[in-house]
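Data block below; observations after.
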Amino acid sequence: MRSSSYFALPARALLVLALTAVAVPTAHAADAPAPSLAAKPYMGWSSWSMQSSKYPGLNPDGDYSYLTEANVLKQTDAMAAKLKKYGYEYVNIDAGWWMDKAWKSGFDQYGRQKPDPVRFPHGMKAVADRIHAKGLKAGIYLPAGLEKGAYGDGETPIWNADGCTTADIVYDDLRTTNGWDSAYKLDFAKPCTSKYIDSQAQLIAGWGYDFLKLDGVGPGSGKSGDQYDNVADVAAWNRAIARTGRPIHLELSWSLDIGHAADWKKYSQGWRVDTDVECYCNTLVSWENSVDDRWDDTPAWTRHAGPGGWNDLDSLDVGNGQMDGLTKAERQSYATLWAIAKSPLYTGDDLTRLDSYGLSLLTNREVIGLNQGPNPPAHPVTPSDPQQVWAARNPDGTYTVALFNLADAPAAVTADWTTVGFTGKASVRDLWNHENLGTYKNTVTEALPAHGSRLFTVTPHGTALAFAGYEAESSANTLGGNASVADCSACSDGKKVGNLYLGGTLTFRDVVVAKAGTYQIKVSYISGDARSVDVSANGGGATRHKLPATGDWGTVSSVYVPVTLKAGANTITFDSGSGYAPDIDRIDVPKS
């Protein structure tokens, strides 16, 4: 399940509703050792999207009843036939495999989840064996903590741990944890506790599973504070999996706290960065529910993705047309962002009835190659405005460039070569349409439908740009309102201008250019959340831009904003207006 796949009961659904360049990144070091798991984003299928949908016929025996052995094996056969040759390999069983149709849990004599005999009459090992027989990998799901139903008044023994019971692995006050408070928090100061995680890991490894989704993990999953801090659980799972001797990919869910990115990277192979993509409605997803949130929420995480661990944007439901609940333009944009962000590509669609357009999106070898290849994830090089450009510089010297129109009406979107680091001519290839579009000088502009996109590989033939840099804290500049200079270890000269709020302003003075024209100004900034700022030149009209979050208040990122300048000296002003603006490190102005 996606964000909270497991507890999709009414309370869970209510929770979901309630939750409901930057310098262009460069490739990871070529000489870094290849990771044993997640060398590239995983590809596959997950059961949760169909389990959670109200689409007619998907869950005929009640909510979340789709998950059965028969249905999993139908999807396995369809994946083997239609998608395996394109790299799709994981068949992931989500929440509910140990629950009956009324969502009542079952446990074995050691407090471990036990497959429901109606949903999975042949058991979980038999299902994994069938998946493996098709040359695919099997995935399974568990929530964080000790489920309340497994506690057994504290008298349930722990497998392979003499003298240990469930009372010996939780806090004495039975504090709850995970995104739904459905489990008791494990106390890893007690020696028996890691034995319980070992017992679960040995169970799923013995069944032959290759992937575990651990859900409801905090900080994240809509919760914060010590009670919901599951870093120790994740570390214990990492160790327990290693002790099984079986390579098992550990994926964490959902809306993980970026402040613990180092922990997620250390102990797992992937982490969900956002809420559920499913709408819990009459389709699988909807654009407004949370598909469109990813353009805002992904940029802060980009720097954390790489071989061994990836930012998980959730299920990619673009293959079933009407059942997906999206227009064709939205389906392509959805697939484009997942591909360029280097998110795992796992669909929640019914693979037995992919339409031709959906199949073309899921099987485009050039787009898959972008996601699976050595190039880094793309990042927005323009602000988080309705028209956006995302880009990345690839190891072979080409650029990935994506254009997005996130507005509700058609609009033109322009990618300026300045924003990716060069000027002059470049050849452009359209990846979705497998078409060379020819040579473009300085920019490429496309008219896009509402929520539409284009995806290009750009090969530069021009020259590298030279910039003139201007520090925000320079004594030549003028500060207004609450704006003030502050120390900043991550900033270029160790200083920044902050406190740009409620009318605070920063004006750069004596910004000199040789020719009049519109320049793409690189703005280096820090912002723990997405914030907007008004940008103007020479006292003229301002344009308001929303700058993506950098993830925390100690990380510098950058985007490019267009500013019209006159020949000679100019002023450029950043004004918070009535809100709160990012802290500004510096600006860099192209010399030509």
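Going through the structure tokens in order, the chains are called A, B, and so on, while each chain numbers its residues from 1 and the ligands are numbered from 1 in the order shown.
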
Would you return as a PDB file with C-alpha atoms, in the first residue's frame the members of segment 51-149 of chain A that DSSP assigns to strand (DSSP E) on this structure's backbone?
```
ATOM      1  CA  TYR A  90       8.936  -7.096  -8.331  1.00  0.00           C
ATOM      2  CA  VAL A  91       5.423  -8.333  -7.523  1.00  0.00           C
ATOM      3  CA  ASN A  92       4.629  -6.621  -4.231  1.00  0.00           C
ATOM      4  CA  LYS A 137      10.829 -11.259  -7.451  1.00  0.00           C
ATOM      5  CA  ALA A 138       8.338 -11.345  -4.602  1.00  0.00           C
ATOM      6  CA  GLY A 139       7.547  -8.495  -2.214  1.00  0.00           C
ATOM      7  CA  ILE A 140       5.636  -8.418   1.054  1.00  0.00           C
ATOM      8  CA  TYR A 141       4.439  -5.830   3.574  1.00  0.00           C
ATOM      9  CA  LEU A 142       4.526  -5.231   7.342  1.00  0.00           C
ATOM     10  CA  PRO A 143       3.727  -2.288   9.646  1.00  0.00           C
ATOM     11  CA  LEU A 146       4.268  -4.921  17.504  1.00  0.00           C
ATOM     12  CA  GLU A 147       0.689  -5.080  16.344  1.00  0.00           C
TER      13      GLU A 147
END
```

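Within the 8 Å cut-off around Asn482 of chain A, using only C-alpha atoms and omitting residues fewer than 5 positions from it on the same chain, the listed residues are Asn499, Leu500, Tyr501, Leu502, Gly503, Gly504 and Thr505 of chain A.
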
Those residues with all heavy atoms, as a PDB file, in the first residue's frame please?
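So the final result, stored in result.pdb, reads:
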```
ATOM      1  N   ASN A 499      15.580  36.656   7.391  1.00  0.00           N
ATOM      2  CA  ASN A 499      14.502  37.471   7.971  1.00  0.00           C
ATOM      3  C   ASN A 499      13.768  38.279   6.913  1.00  0.00           C
ATOM      4  O   ASN A 499      13.346  39.412   7.159  1.00  0.00           O
ATOM      5  CB  ASN A 499      15.037  38.394   9.070  1.00  0.00           C
ATOM      6  CG  ASN A 499      15.451  37.620  10.310  1.00  0.00           C
ATOM      7  OD1 ASN A 499      14.824  36.617  10.664  1.00  0.00           O
ATOM      8  ND2 ASN A 499      16.516  38.069  10.965  1.00  0.00           N
ATOM      9  N   LEU A 500      13.632  37.679   5.739  1.00  0.00           N
ATOM     10  CA  LEU A 500      12.863  38.321   4.678  1.00  0.00           C
ATOM     11  C   LEU A 500      11.393  37.939   4.863  1.00  0.00           C
ATOM     12  O   LEU A 500      10.894  36.990   4.258  1.00  0.00           O
ATOM     13  CB  LEU A 500      13.378  37.893   3.307  1.00  0.00           C
ATOM     14  CG  LEU A 500      14.760  38.423   2.915  1.00  0.00           C
ATOM     15  CD1 LEU A 500      15.290  37.697   1.694  1.00  0.00           C
ATOM     16  CD2 LEU A 500      14.687  39.923   2.646  1.00  0.00           C
ATOM     17  N   TYR A 501      10.722  38.682   5.728  1.00  0.00           N
ATOM     18  CA  TYR A 501       9.310  38.386   5.979  1.00  0.00           C
ATOM     19  C   TYR A 501       8.553  39.675   6.273  1.00  0.00           C
ATOM     20  O   TYR A 501       9.122  40.684   6.698  1.00  0.00           O
ATOM     21  CB  TYR A 501       9.150  37.406   7.136  1.00  0.00           C
ATOM     22  CG  TYR A 501       9.581  37.910   8.495  1.00  0.00           C
ATOM     23  CD1 TYR A 501       8.657  38.489   9.363  1.00  0.00           C
ATOM     24  CD2 TYR A 501      10.897  37.793   8.914  1.00  0.00           C
ATOM     25  CE1 TYR A 501       9.043  38.946  10.614  1.00  0.00           C
ATOM     26  CE2 TYR A 501      11.295  38.240  10.163  1.00  0.00           C
ATOM     27  CZ  TYR A 501      10.360  38.822  11.015  1.00  0.00           C
ATOM     28  OH  TYR A 501      10.751  39.271  12.246  1.00  0.00           O
ATOM     29  N   LEU A 502       7.263  39.644   5.967  1.00  0.00           N
ATOM     30  CA  LEU A 502       6.375  40.779   6.250  1.00  0.00           C
ATOM     31  C   LEU A 502       6.970  42.104   5.800  1.00  0.00           C
ATOM     32  O   LEU A 502       7.081  43.064   6.564  1.00  0.00           O
ATOM     33  CB  LEU A 502       6.042  40.825   7.742  1.00  0.00           C
ATOM     34  CG  LEU A 502       5.409  39.551   8.333  1.00  0.00           C
ATOM     35  CD1 LEU A 502       5.134  39.742   9.815  1.00  0.00           C
ATOM     36  CD2 LEU A 502       4.147  39.190   7.580  1.00  0.00           C
ATOM     37  N   GLY A 503       7.343  42.158   4.535  1.00  0.00           N
ATOM     38  CA  GLY A 503       7.869  43.386   3.953  1.00  0.00           C
ATOM     39  C   GLY A 503       9.373  43.490   3.929  1.00  0.00           C
ATOM     40  O   GLY A 503       9.914  44.506   3.470  1.00  0.00           O
ATOM     41  N   GLY A 504      10.078  42.480   4.368  1.00  0.00           N
ATOM     42  CA  GLY A 504      11.527  42.492   4.303  1.00  0.00           C
ATOM     43  C   GLY A 504      12.014  42.479   2.861  1.00  0.00           C
ATOM     44  O   GLY A 504      11.445  41.795   2.011  1.00  0.00           O
ATOM     45  N   THR A 505      13.069  43.227   2.577  1.00  0.00           N
ATOM     46  CA  THR A 505      13.580  43.322   1.207  1.00  0.00           C
ATOM     47  C   THR A 505      15.098  43.233   1.172  1.00  0.00           C
ATOM     48  O   THR A 505      15.788  43.600   2.123  1.00  0.00           O
ATOM     49  CB  THR A 505      13.159  44.652   0.536  1.00  0.00           C
ATOM     50  OG1 THR A 505      13.691  45.746   1.282  1.00  0.00           O
ATOM     51  CG2 THR A 505      11.644  44.768   0.455  1.00  0.00           C
TER      52      THR A 505
END
```

Find the residues near Ala133 of chain A: any atom within 12 Å, counting only C-alpha atoms, skip ones fewer than 4 places away on the same chain, and give them as a PDB file with N, CA, C and O atoms, in the first residue's frame.
```pdb
ATOM      1  N   LEU A  73      -1.542 -13.687  -8.474  1.00  0.00           N
ATOM      2  CA  LEU A  73      -0.956 -14.551  -9.501  1.00  0.00           C
ATOM      3  C   LEU A  73      -1.400 -14.145 -10.904  1.00  0.00           C
ATOM      4  O   LEU A  73      -0.631 -14.290 -11.867  1.00  0.00           O
ATOM      5  N   THR A  76       0.909 -11.420 -11.665  1.00  0.00           N
ATOM      6  CA  THR A  76       2.236 -12.002 -11.912  1.00  0.00           C
ATOM      7  C   THR A  76       2.340 -12.496 -13.345  1.00  0.00           C
ATOM      8  O   THR A  76       3.323 -12.220 -14.055  1.00  0.00           O
ATOM      9  N   ASP A  77       1.340 -13.231 -13.786  1.00  0.00           N
ATOM     10  CA  ASP A  77       1.345 -13.761 -15.159  1.00  0.00           C
ATOM     11  C   ASP A  77       1.352 -12.632 -16.178  1.00  0.00           C
ATOM     12  O   ASP A  77       2.067 -12.681 -17.195  1.00  0.00           O
ATOM     13  N   ALA A  80       4.784 -10.936 -16.271  1.00  0.00           N
ATOM     14  CA  ALA A  80       5.751 -11.771 -16.988  1.00  0.00           C
ATOM     15  C   ALA A  80       5.558 -11.672 -18.492  1.00  0.00           C
ATOM     16  O   ALA A  80       6.526 -11.653 -19.254  1.00  0.00           O
ATOM     17  N   ALA A 126       4.106 -20.435  -1.075  1.00  0.00           N
ATOM     18  CA  ALA A 126       3.646 -20.942  -2.369  1.00  0.00           C
ATOM     19  C   ALA A 126       3.491 -19.803  -3.374  1.00  0.00           C
ATOM     20  O   ALA A 126       3.808 -19.964  -4.564  1.00  0.00           O
ATOM     21  N   VAL A 127       3.020 -18.651  -2.901  1.00  0.00           N
ATOM     22  CA  VAL A 127       2.866 -17.502  -3.799  1.00  0.00           C
ATOM     23  C   VAL A 127       4.240 -17.009  -4.260  1.00  0.00           C
ATOM     24  O   VAL A 127       4.449 -16.732  -5.446  1.00  0.00           O
ATOM     25  N   ALA A 128       5.177 -16.895  -3.328  1.00  0.00           N
ATOM     26  CA  ALA A 128       6.530 -16.473  -3.715  1.00  0.00           C
ATOM     27  C   ALA A 128       7.137 -17.456  -4.710  1.00  0.00           C
ATOM     28  O   ALA A 128       7.807 -17.044  -5.671  1.00  0.00           O
ATOM     29  N   ASP A 129       6.904 -18.740  -4.493  1.00  0.00           N
ATOM     30  CA  ASP A 129       7.433 -19.745  -5.416  1.00  0.00           C
ATOM     31  C   ASP A 129       6.855 -19.566  -6.819  1.00  0.00           C
ATOM     32  O   ASP A 129       7.587 -19.696  -7.819  1.00  0.00           O
ATOM     33  N   LYS A 137      10.520 -11.326  -8.879  1.00  0.00           N
ATOM     34  CA  LYS A 137      10.829 -11.259  -7.451  1.00  0.00           C
ATOM     35  C   LYS A 137       9.559 -10.955  -6.657  1.00  0.00           C
ATOM     36  O   LYS A 137       8.657 -10.275  -7.151  1.00  0.00           O
ATOM     37  N   ALA A 138       9.537 -11.446  -5.424  1.00  0.00           N
ATOM     38  CA  ALA A 138       8.338 -11.345  -4.602  1.00  0.00           C
ATOM     39  C   ALA A 138       8.525 -10.338  -3.480  1.00  0.00           C
ATOM     40  O   ALA A 138       9.558 -10.334  -2.798  1.00  0.00           O
ATOM     41  N   GLY A 208      10.833 -16.929   1.108  1.00  0.00           N
ATOM     42  CA  GLY A 208      11.447 -16.601  -0.176  1.00  0.00           C
ATOM     43  C   GLY A 208      11.176 -15.203  -0.679  1.00  0.00           C
ATOM     44  O   GLY A 208      11.301 -14.946  -1.887  1.00  0.00           O
TER      45      GLY A 208
END
```

Find the residues around Thr459 of chain A up to 6 Å (only C-alpha atoms counted), leave out those fewer than 5 positions away in its own chain, and share them as a JSON list (two decimals) with all heavy atoms, in the first residue's frame.
```
[["chain", "number", "residue", "atom", "x", "y", "z"],
["A", 398, "THR", "N", 25.20, 15.19, -22.26],
["A", 398, "THR", "CA", 23.86, 15.63, -22.64],
["A", 398, "THR", "C", 23.10, 16.10, -21.41],
["A", 398, "THR", "O", 23.56, 15.95, -20.27],
["A", 398, "THR", "CB", 23.08, 14.50, -23.33],
["A", 398, "THR", "OG1", 22.84, 13.45, -22.36],
["A", 398, "THR", "CG2", 23.84, 13.94, -24.52],
["A", 426, "ALA", "N", 21.67, 23.68, -29.71],
["A", 426, "ALA", "CA", 21.63, 22.32, -29.16],
["A", 426, "ALA", "C", 20.64, 21.50, -29.98],
["A", 426, "ALA", "O", 19.64, 22.01, -30.48],
["A", 426, "ALA", "CB", 21.20, 22.35, -27.70],
["A", 427, "SER", "N", 20.94, 20.23, -30.11],
["A", 427, "SER", "CA", 20.00, 19.33, -30.76],
["A", 427, "SER", "C", 19.08, 18.73, -29.70],
["A", 427, "SER", "O", 19.48, 18.48, -28.56],
["A", 427, "SER", "CB", 20.72, 18.24, -31.53],
["A", 427, "SER", "OG", 21.60, 17.52, -30.69]]
```

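Of the residues under consideration (A:Tyr560, A:Gln332, A:Thr555, A:Asp215), A:Tyr560 shows the shortest atom-to-atom contact distance to Pro383 of chain A when counting only C-alpha atoms.
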
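Closest approach to Leu337 of chain A among A:Ile241, A:Arg429, A:Pro449, A:Arg454 is made by A:Arg454 (distances from only C-alpha atoms).
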